[in-house]
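Participant: This one is model16.csv, CSV, C-alpha atoms and all ligand atoms.
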chain,number,residue,atom,x,y,z
A,1026,MET,CA,41.1,108.0,59.7
A,1027,ARG,CA,43.1,105.5,61.8
A,1028,ILE,CA,41.5,105.2,65.2
A,1029,ALA,CA,42.7,103.7,68.5
A,1030,VAL,CA,40.3,102.8,71.2
A,1031,LEU,CA,41.5,103.0,74.8
A,1032,VAL,CA,39.8,100.8,77.3
A,1033,SER,CA,40.0,99.7,81.0
A,1034,GLY,CA,37.1,97.4,81.6
A,1035,SER,CA,34.2,95.5,80.1
A,1036,GLY,CA,34.3,97.2,76.7
A,1037,THR,CA,30.6,97.5,75.9
A,1038,ASN,CA,31.3,100.8,74.2
A,1039,LEU,CA,34.2,99.2,72.3
A,1040,GLN,CA,31.7,96.5,71.2
A,1041,ALA,CA,29.3,99.2,70.0
A,1042,LEU,CA,32.1,100.7,67.9
A,1043,ILE,CA,33.0,97.3,66.5
A,1044,ASP,CA,29.4,96.5,65.6
A,1045,ALA,CA,28.9,99.9,64.0
A,1046,SER,CA,32.0,99.4,62.0
A,1047,SER,CA,30.9,96.0,60.8
A,1048,ARG,CA,27.6,97.5,59.7
A,1049,GLY,CA,29.5,100.1,57.7
A,1050,GLU,CA,28.3,102.9,60.0
A,1051,LEU,CA,31.6,104.5,61.0
A,1052,GLY,CA,32.2,106.2,57.7
A,1053,PRO,CA,36.0,106.9,57.2
A,1054,ALA,CA,36.8,105.8,60.8
A,1055,GLN,CA,38.9,102.7,60.8
A,1056,LEU,CA,39.3,100.8,64.1
A,1057,CYS,CA,43.0,99.9,64.0
A,1058,LEU,CA,44.1,99.3,67.6
A,1059,VAL,CA,42.8,98.7,71.1
A,1060,VAL,CA,44.9,99.5,74.1
A,1061,SER,CA,44.0,98.6,77.7
A,1062,ASN,CA,45.8,99.9,80.7
A,1063,ARG,CA,44.6,96.8,82.6
A,1064,PRO,CA,45.5,93.2,81.7
A,1065,GLY,CA,42.8,90.5,81.5
A,1066,VAL,CA,39.8,92.8,80.9
A,1067,ARG,CA,36.8,91.7,78.8
A,1068,ALA,CA,37.4,94.6,76.4
A,1069,LEU,CA,40.6,92.8,75.2
A,1070,GLU,CA,38.7,89.7,74.5
A,1071,ARG,CA,36.2,91.7,72.5
A,1072,ALA,CA,39.0,93.2,70.5
A,1073,ALA,CA,40.6,89.8,69.8
A,1074,ASP,CA,37.2,88.3,68.8
A,1075,ALA,CA,36.8,91.1,66.3
A,1076,GLY,CA,40.3,90.5,64.9
A,1077,LEU,CA,41.6,93.9,66.1
A,1078,ALA,CA,45.2,94.5,67.1
A,1079,ASN,CA,45.2,94.9,70.8
A,1080,LEU,CA,47.8,95.4,73.6
A,1081,VAL,CA,48.1,96.1,77.2
A,1082,ILE,CA,50.1,99.1,78.4
A,1083,ASN,CA,49.9,98.6,82.2
A,1084,HIS,CA,50.1,101.9,84.0
A,1085,ARG,CA,51.4,99.9,87.1
A,1086,ASN,CA,54.5,99.0,85.2
A,1087,HIS,CA,55.4,102.6,84.7
A,1088,ASP,CA,56.8,104.8,87.5
A,1089,THR,CA,55.3,108.0,86.3
A,1090,ARG,CA,52.3,109.2,84.2
A,1091,ARG,CA,54.7,110.6,81.7
A,1092,ALA,CA,56.5,107.2,81.3
A,1093,PHE,CA,53.0,105.5,80.8
A,1094,GLU,CA,52.0,108.1,78.2
A,1095,ASP,CA,55.3,107.9,76.4
A,1096,ALA,CA,54.7,104.1,76.0
A,1097,LEU,CA,51.1,104.8,74.9
A,1098,LEU,CA,52.3,107.4,72.3
A,1099,GLU,CA,54.9,105.1,71.0
A,1100,ALA,CA,52.2,102.4,70.4
A,1101,LEU,CA,49.9,104.9,68.7
A,1102,GLU,CA,52.7,106.2,66.5
A,1103,ALA,CA,53.8,102.7,65.5
A,1104,ASN,CA,50.3,102.0,64.3
A,1105,GLY,CA,49.8,105.3,62.5
A,1106,ILE,CA,47.0,106.4,64.8
A,1107,GLU,CA,45.3,109.7,64.0
A,1108,ALA,CA,42.6,109.9,66.5
A,1109,VAL,CA,41.8,108.3,69.9
A,1110,ILE,CA,38.5,107.2,71.4
A,1111,LEU,CA,38.3,106.8,75.2
A,1112,ALA,CA,35.7,104.0,75.8
A,1113,GLY,CA,35.7,103.5,79.5
A,1114,PHE,CA,39.4,104.4,79.8
A,1115,MET,CA,39.8,105.2,83.5
A,1116,ARG,CA,43.2,107.0,83.5
A,1117,ILE,CA,43.6,110.7,83.4
A,1118,LEU,CA,45.6,111.9,80.4
A,1119,SER,CA,48.0,114.7,81.0
A,1120,PRO,CA,48.2,117.9,79.0
A,1121,PHE,CA,51.4,116.5,77.4
A,1122,PHE,CA,49.3,113.7,75.8
A,1123,VAL,CA,46.1,115.7,75.1
A,1124,GLU,CA,48.0,118.4,73.3
A,1125,LYS,CA,49.6,115.8,70.9
A,1126,PHE,CA,46.0,114.9,69.8
A,1127,GLU,CA,44.3,118.2,70.1
A,1128,ASN,CA,40.6,117.9,69.1
A,1129,ARG,CA,41.3,114.3,68.1
A,1130,ILE,CA,40.4,112.5,71.4
A,1131,LEU,CA,36.8,111.7,72.2
A,1132,ASN,CA,35.4,110.4,75.5
A,1133,THR,CA,32.1,109.2,76.7
A,1134,HIS,CA,31.0,109.9,80.3
A,1135,PRO,CA,27.9,108.5,82.0
A,1136,ALA,CA,26.5,111.8,83.2
A,1137,LEU,CA,25.3,115.1,81.9
A,1138,CYS,CA,28.6,117.1,82.0
A,1139,PRO,CA,29.6,119.3,83.7
A,1140,SER,CA,27.8,117.4,86.4
A,1141,PHE,CA,29.4,114.4,88.1
A,1142,PRO,CA,32.9,114.1,86.6
A,1143,GLY,CA,35.3,111.3,87.5
A,1144,ILE,CA,34.5,107.8,88.7
A,1145,ASN,CA,31.1,106.3,89.7
A,1146,ALA,CA,29.1,109.0,87.9
A,1147,PRO,CA,25.8,107.1,88.1
A,1148,GLN,CA,26.2,106.7,91.9
A,1149,GLN,CA,27.0,110.3,92.2
A,1150,ALA,CA,23.8,111.2,90.3
A,1151,ILE,CA,21.7,108.9,92.7
A,1152,THR,CA,23.4,110.3,95.8
A,1153,ALA,CA,22.7,113.9,94.6
A,1154,GLY,CA,19.0,113.0,94.0
A,1155,VAL,CA,18.9,114.4,90.5
A,1156,LYS,CA,15.8,113.4,88.5
A,1157,VAL,CA,17.5,113.4,85.2
A,1158,SER,CA,20.9,112.2,84.2
A,1159,GLY,CA,22.4,110.9,80.9
A,1160,CYS,CA,25.5,110.6,78.9
A,1161,THR,CA,27.9,113.1,77.3
A,1162,VAL,CA,30.2,112.4,74.4
A,1163,HIS,CA,32.9,115.1,74.2
A,1164,PHE,CA,36.3,116.1,73.0
A,1165,VAL,CA,38.9,115.6,75.7
A,1166,ASP,CA,40.7,118.6,77.0
A,1167,THR,CA,43.1,118.8,80.0
A,1168,GLY,CA,40.3,118.5,82.6
A,1169,VAL,CA,38.5,115.4,84.0
A,1170,ASP,CA,35.4,114.7,81.9
A,1171,THR,CA,35.4,118.3,80.6
A,1172,GLY,CA,36.0,119.4,77.1
A,1173,PRO,CA,33.7,120.6,74.2
A,1174,ILE,CA,30.5,118.6,74.1
A,1175,ILE,CA,29.4,116.8,71.0
A,1176,PHE,CA,26.3,114.9,72.1
A,1177,GLN,CA,24.2,114.7,75.2
A,1178,GLU,CA,21.1,112.6,75.9
A,1179,ALA,CA,19.1,112.4,79.0
A,1180,VAL,CA,17.4,109.6,80.9
A,1181,GLU,CA,15.0,110.0,83.9
A,1182,VAL,CA,16.3,108.7,87.2
A,1183,SER,CA,13.7,106.6,88.9
A,1184,PRO,CA,13.3,106.4,92.7
A,1185,ILE,CA,14.0,102.7,92.5
A,1186,ASP,CA,17.2,103.0,90.4
A,1187,THR,CA,20.5,101.7,91.6
A,1188,ALA,CA,23.8,102.9,90.2
A,1189,GLU,CA,23.7,99.7,88.1
A,1190,THR,CA,20.3,100.1,86.6
A,1191,LEU,CA,20.8,103.8,85.9
A,1192,HIS,CA,24.2,103.1,84.3
A,1193,ALA,CA,22.7,100.3,82.1
A,1194,ARG,CA,20.2,102.8,80.7
A,1195,ILE,CA,22.8,105.4,80.2
A,1196,GLN,CA,25.1,102.9,78.4
A,1197,ASN,CA,22.3,102.2,75.9
A,1198,LEU,CA,22.6,105.9,74.9
A,1199,GLU,CA,26.4,105.8,74.8
A,1200,HIS,CA,26.4,102.8,72.5
A,1201,ARG,CA,24.4,104.8,70.0
A,1202,LEU,CA,26.1,108.2,70.4
A,1203,LEU,CA,29.8,107.2,70.6
A,1204,PRO,CA,29.9,105.6,67.2
A,1205,ARG,CA,28.0,108.5,65.7
A,1206,ALA,CA,30.5,111.0,67.1
A,1207,THR,CA,33.4,108.8,65.9
A,1208,LYS,CA,32.0,108.9,62.4
A,1209,LEU,CA,31.6,112.7,62.5
A,1210,LEU,CA,35.1,113.1,63.8
A,1211,ALA,CA,36.6,110.9,61.1
A,1212,ALA,CA,34.6,112.7,58.4
A,1213,GLY,CA,36.0,116.0,59.5
A,1214,SER,CA,32.5,117.2,60.3
A,1215,LEU,CA,33.1,118.6,63.8
A,1216,ARG,CA,34.4,122.1,64.4
A,1217,VAL,CA,35.4,123.5,67.8
A,1218,GLN,CA,35.3,127.2,68.3
A,1219,GLU,CA,35.8,128.7,71.7
A,1220,GLY,CA,34.8,125.5,73.4
A,1221,ILE,CA,31.6,125.0,71.3
A,1222,VAL,CA,31.2,122.2,68.9
A,1223,SER,CA,29.3,122.6,65.7
A,1224,GLN,CA,28.6,120.1,63.0
A,1225,HIS,CA,29.4,120.7,59.3
A,1226,PRO,CA,28.1,118.3,56.7
B,1,LIG,C1,31.1,103.8,80.3
B,1,LIG,O1,29.8,103.9,80.8
B,1,LIG,C2,31.8,105.1,80.3
B,1,LIG,O2,30.9,106.2,80.1
B,1,LIG,C3,32.4,105.2,81.6
B,1,LIG,O3,32.9,103.9,81.9
B,1,LIG,C4,32.0,103.0,81.3
B,1,LIG,C5,32.7,101.9,80.6
B,1,LIG,O4,31.9,100.9,80.1
B,1,LIG,N1,33.5,106.2,81.6
B,1,LIG,C6,33.7,107.0,82.7
B,1,LIG,O5,33.1,106.9,83.7
B,1,LIG,C7,34.8,108.0,82.4
B,1,LIG,N2,34.9,109.0,83.5
B,1,LIG,P1,32.4,99.9,79.0
B,1,LIG,O6,33.8,99.4,79.4
B,1,LIG,O7,31.4,98.7,79.0
B,1,LIG,O8,32.4,100.6,77.7
In structure tokens, how does this file's structure come out?
Facilitator:
Amino acid sequence: MRIAVLVSGSGTNLQALIDASSRGELGPAQLCLVVSNRPGVRALERAADAGLANLVINHRNHDTRRAFEDALLEALEANGIEAVILAGFMRILSPFFVEKFENRILNTHPALCPSFPGINAPQQAITAGVKVSGCTVHFVDTGVDTGPIIFQEAVEVSPIDTAETLHARIQNLEHRLLPRATKLLAAGSLRVQEGIVSQHP
């Protein structure tokens, strides 16, 4: 299955996918394209270092979300992309885009969904005073960080945690779970029924 990874920033989750792929741990998932909506980000360097096709589709160069997504879809189609992984991609995708890839878009979010959607989830967790947070890998639907949940894992929040220290521990989980979910998706092992994900060998 031909996969595109969408990024906006440092790309540690992209790196985890690249590393899993080079260890042969992504099954039939083939990383074919990396697209960033922001120029000059570290994720693009990681893609180039790994020899992956990569390009920038800058949302600022498009007047509307629809025009941005049209450009994105064109790039995905030109590369024969069958599924999309959001790895720190910080743009909301409209129903128009999501419906084109129904149950073929995965996202990782640094909180236990449905808690703390959107940006700065680790800071949101600290501000709320929760004692446990974690990461969620899920299918993307038309909401923000909603959608059928594939994996969740928890970490304890310590009284001395900052958003940065908490996020770093959560990212360790993401780096393990996102490649696993990608492999299952590509292998056709994930079913979604009434918003619930089940795994089929
Ligand atoms: C990840 O922790 C991901 O969960 C988060 O952005 C980070 C990107 O890190 N995504 C969201 O908050 C989506 N709402 P990375 O660029 O190093 O992979």
Participant: Enumerate residues in contact with ligand LIG 1 (chain B): an atom-to-atom distance of at most 6 Å, counting only C-alpha atoms and all ligand atoms. Format the result as a PyMOL selection string.
Facilitator: chain A and resi 1034-1039+1112-1113+1115+1133-1135+1143-1144+1170+1196
Participant: Which neighbours of Ser1158 of chain A fall inside 6 Å, counting all atoms listed in the file, when residues of the same chain fewer than 4 positions from it are skipped, and could you give them as number ranges by chain?
Facilitator: A: 1136-1137, 1179-1180
Participant: Report the distance between atom CA of Leu1077 of chain A and atom CA of Arg1048 of chain A in Å, rounded to one decimal place.
Facilitator: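 Going from atom CA of Leu1077 of chain A over to atom CA of Arg1048 of chain A covers 15.8 Å.
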Participant: Pick from A:Gly1168, A:Arg1116, A:Leu1203, A:Gln1218: nearest to Ile1043 of chain A, with all atoms listed in the file counted?
Facilitator: A:Leu1203
Participant: For the atom pair atom CA of Leu1111 of chain A and atom CA of His1084 of chain A, what is the interatomic distance in Å to one decimal place?
Facilitator: 15.5 Å
Participant: Which is closer to Gly1172 of chain A than all the others in A:Val1109, A:Ile1028, A:Cys1160, A:Ile1130, using all atoms listed in the file?
Facilitator: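 Checking each candidate against Gly1172 of chain A, we get A:Ile1130 as the closest.
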Participant: Which protein, DNA or RNA residues have an atom at most 12 Å from (42.2, 91.5, 77.2), counting all atoms listed in the file? List them as a PDB file with C-alpha atoms, keeping the file's coordinate frame.
Facilitator:
ATOM      1  CA  LEU A1031      41.500 103.000  74.800  1.00  0.00           C
ATOM      2  CA  VAL A1032      39.800 100.800  77.300  1.00  0.00           C
ATOM      3  CA  SER A1033      40.000  99.700  81.000  1.00  0.00           C
ATOM      4  CA  GLY A1034      37.100  97.400  81.600  1.00  0.00           C
ATOM      5  CA  SER A1035      34.200  95.500  80.100  1.00  0.00           C
ATOM      6  CA  GLY A1036      34.300  97.200  76.700  1.00  0.00           C
ATOM      7  CA  VAL A1059      42.800  98.700  71.100  1.00  0.00           C
ATOM      8  CA  VAL A1060      44.900  99.500  74.100  1.00  0.00           C
ATOM      9  CA  SER A1061      44.000  98.600  77.700  1.00  0.00           C
ATOM     10  CA  ASN A1062      45.800  99.900  80.700  1.00  0.00           C
ATOM     11  CA  ARG A1063      44.600  96.800  82.600  1.00  0.00           C
ATOM     12  CA  PRO A1064      45.500  93.200  81.700  1.00  0.00           C
ATOM     13  CA  GLY A1065      42.800  90.500  81.500  1.00  0.00           C
ATOM     14  CA  VAL A1066      39.800  92.800  80.900  1.00  0.00           C
ATOM     15  CA  ARG A1067      36.800  91.700  78.800  1.00  0.00           C
ATOM     16  CA  ALA A1068      37.400  94.600  76.400  1.00  0.00           C
ATOM     17  CA  LEU A1069      40.600  92.800  75.200  1.00  0.00           C
ATOM     18  CA  GLU A1070      38.700  89.700  74.500  1.00  0.00           C
ATOM     19  CA  ARG A1071      36.200  91.700  72.500  1.00  0.00           C
ATOM     20  CA  ALA A1072      39.000  93.200  70.500  1.00  0.00           C
ATOM     21  CA  ALA A1073      40.600  89.800  69.800  1.00  0.00           C
ATOM     22  CA  ASP A1074      37.200  88.300  68.800  1.00  0.00           C
ATOM     23  CA  LEU A1077      41.600  93.900  66.100  1.00  0.00           C
ATOM     24  CA  ALA A1078      45.200  94.500  67.100  1.00  0.00           C
ATOM     25  CA  ASN A1079      45.200  94.900  70.800  1.00  0.00           C
ATOM     26  CA  LEU A1080      47.800  95.400  73.600  1.00  0.00           C
ATOM     27  CA  VAL A1081      48.100  96.100  77.200  1.00  0.00           C
ATOM     28  CA  ILE A1082      50.100  99.100  78.400  1.00  0.00           C
ATOM     29  CA  ASN A1083      49.900  98.600  82.200  1.00  0.00           C
TER      30      ASN A1083
END
Participant: May I ask for the distance between atom CA of Ala1108 of chain A and atom CA of Arg1129 of chain A, given in Å to one decimal place?
Facilitator: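 Distance between the two atoms: 4.9 Å.
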Participant: Residues within 9 Å of (43.9, 120.5, 77.5), file coordinates, counting all atoms listed in the file: what are they? Give the list as a list in words.
Facilitator: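 Checking each residue against the 9 Å limit leaves Ser1119, Pro1120, Phe1121, Phe1122, Val1123, Glu1124, Glu1127, Val1165, Asp1166, Thr1167, Gly1168 and Gly1172 of chain A.
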Participant: Name the residues in contact with Gly1154 of chain A at a cut-off of 10 Å, using all atoms listed in the file, excluding same-chain residues fewer than 5 positions from it; report them as a short mmCIF file (atom, residue, chain, number, x, y, z; two decimals) with C-alpha atoms, in the coordinates of the input.
Facilitator:
data_model
loop_
_atom_site.label_atom_id
_atom_site.label_comp_id
_atom_site.auth_asym_id
_atom_site.auth_seq_id
_atom_site.Cartn_x
_atom_site.Cartn_y
_atom_site.Cartn_z
CA GLN A 1148 26.20 106.70 91.90
CA GLN A 1149 27.00 110.30 92.20
CA VAL A 1182 16.30 108.70 87.20
CA SER A 1183 13.70 106.60 88.90
CA PRO A 1184 13.30 106.40 92.70
#
Participant: Considering only C-alpha atoms, can you say which of A:Leu1051, A:Ile1106, A:Ile1117, A:Ala1100 comes closest to Lys1208 of chain A?
Facilitator: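 Checking each of A:Leu1051, A:Ile1106, A:Ile1117, A:Ala1100 against Lys1208 of chain A, counting only C-alpha atoms, the winner is A:Leu1051.
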Participant: Using only C-alpha atoms, can you tell me which of A:Ser1046, A:Asn1197, A:Thr1171, A:Thr1187 comes closest to Ala1150 of chain A?
Facilitator: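 When distances to Ala1150 of chain A are compared using only C-alpha atoms, the smallest one comes from A:Thr1187.
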Participant: Using all atoms listed in the file, which residues sit within 9 Å of Pro1226 of chain A once same-chain residues fewer than 2 positions away are excluded, as an NGL selection string?
Facilitator: :A and (1209 or 1212-1215 or 1224)
Participant: Write to file, as a CSV table (one decimal), in the coordinates of the input, the residues of the selection just made, with C-alpha atoms.
Facilitator:
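That gives us selection-v1.csv:
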chain,number,residue,atom,x,y,z
A,1209,LEU,CA,31.6,112.7,62.5
A,1212,ALA,CA,34.6,112.7,58.4
A,1213,GLY,CA,36.0,116.0,59.5
A,1214,SER,CA,32.5,117.2,60.3
A,1215,LEU,CA,33.1,118.6,63.8
A,1224,GLN,CA,28.6,120.1,63.0
Participant: Rank nothing, just name the residue among A:Asn1132, A:Pro1204, A:Arg1216, A:Glu1107 nearest to Val1169 of chain A, using all atoms listed in the file.
Facilitator: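 Smallest separation from Val1169 of chain A among the options: A:Asn1132.
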Participant: Within 10 Å of Arg1201 of chain A, counting all atoms listed in the file, which residues qualify if same-chain residues fewer than 6 places away don't, as a VMD selection string?
Facilitator: chain A and resid 1038 1041 to 1042 1045
Participant: With only C-alpha atoms as the basis for distance, which of A:Ala1211, A:Leu1098, A:Ala1206, A:Ile1151 is at the shortest distance from His1163 of chain A?
Facilitator: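 Once distances to His1163 of chain A are computed over only C-alpha atoms, the minimum belongs to A:Ala1206.
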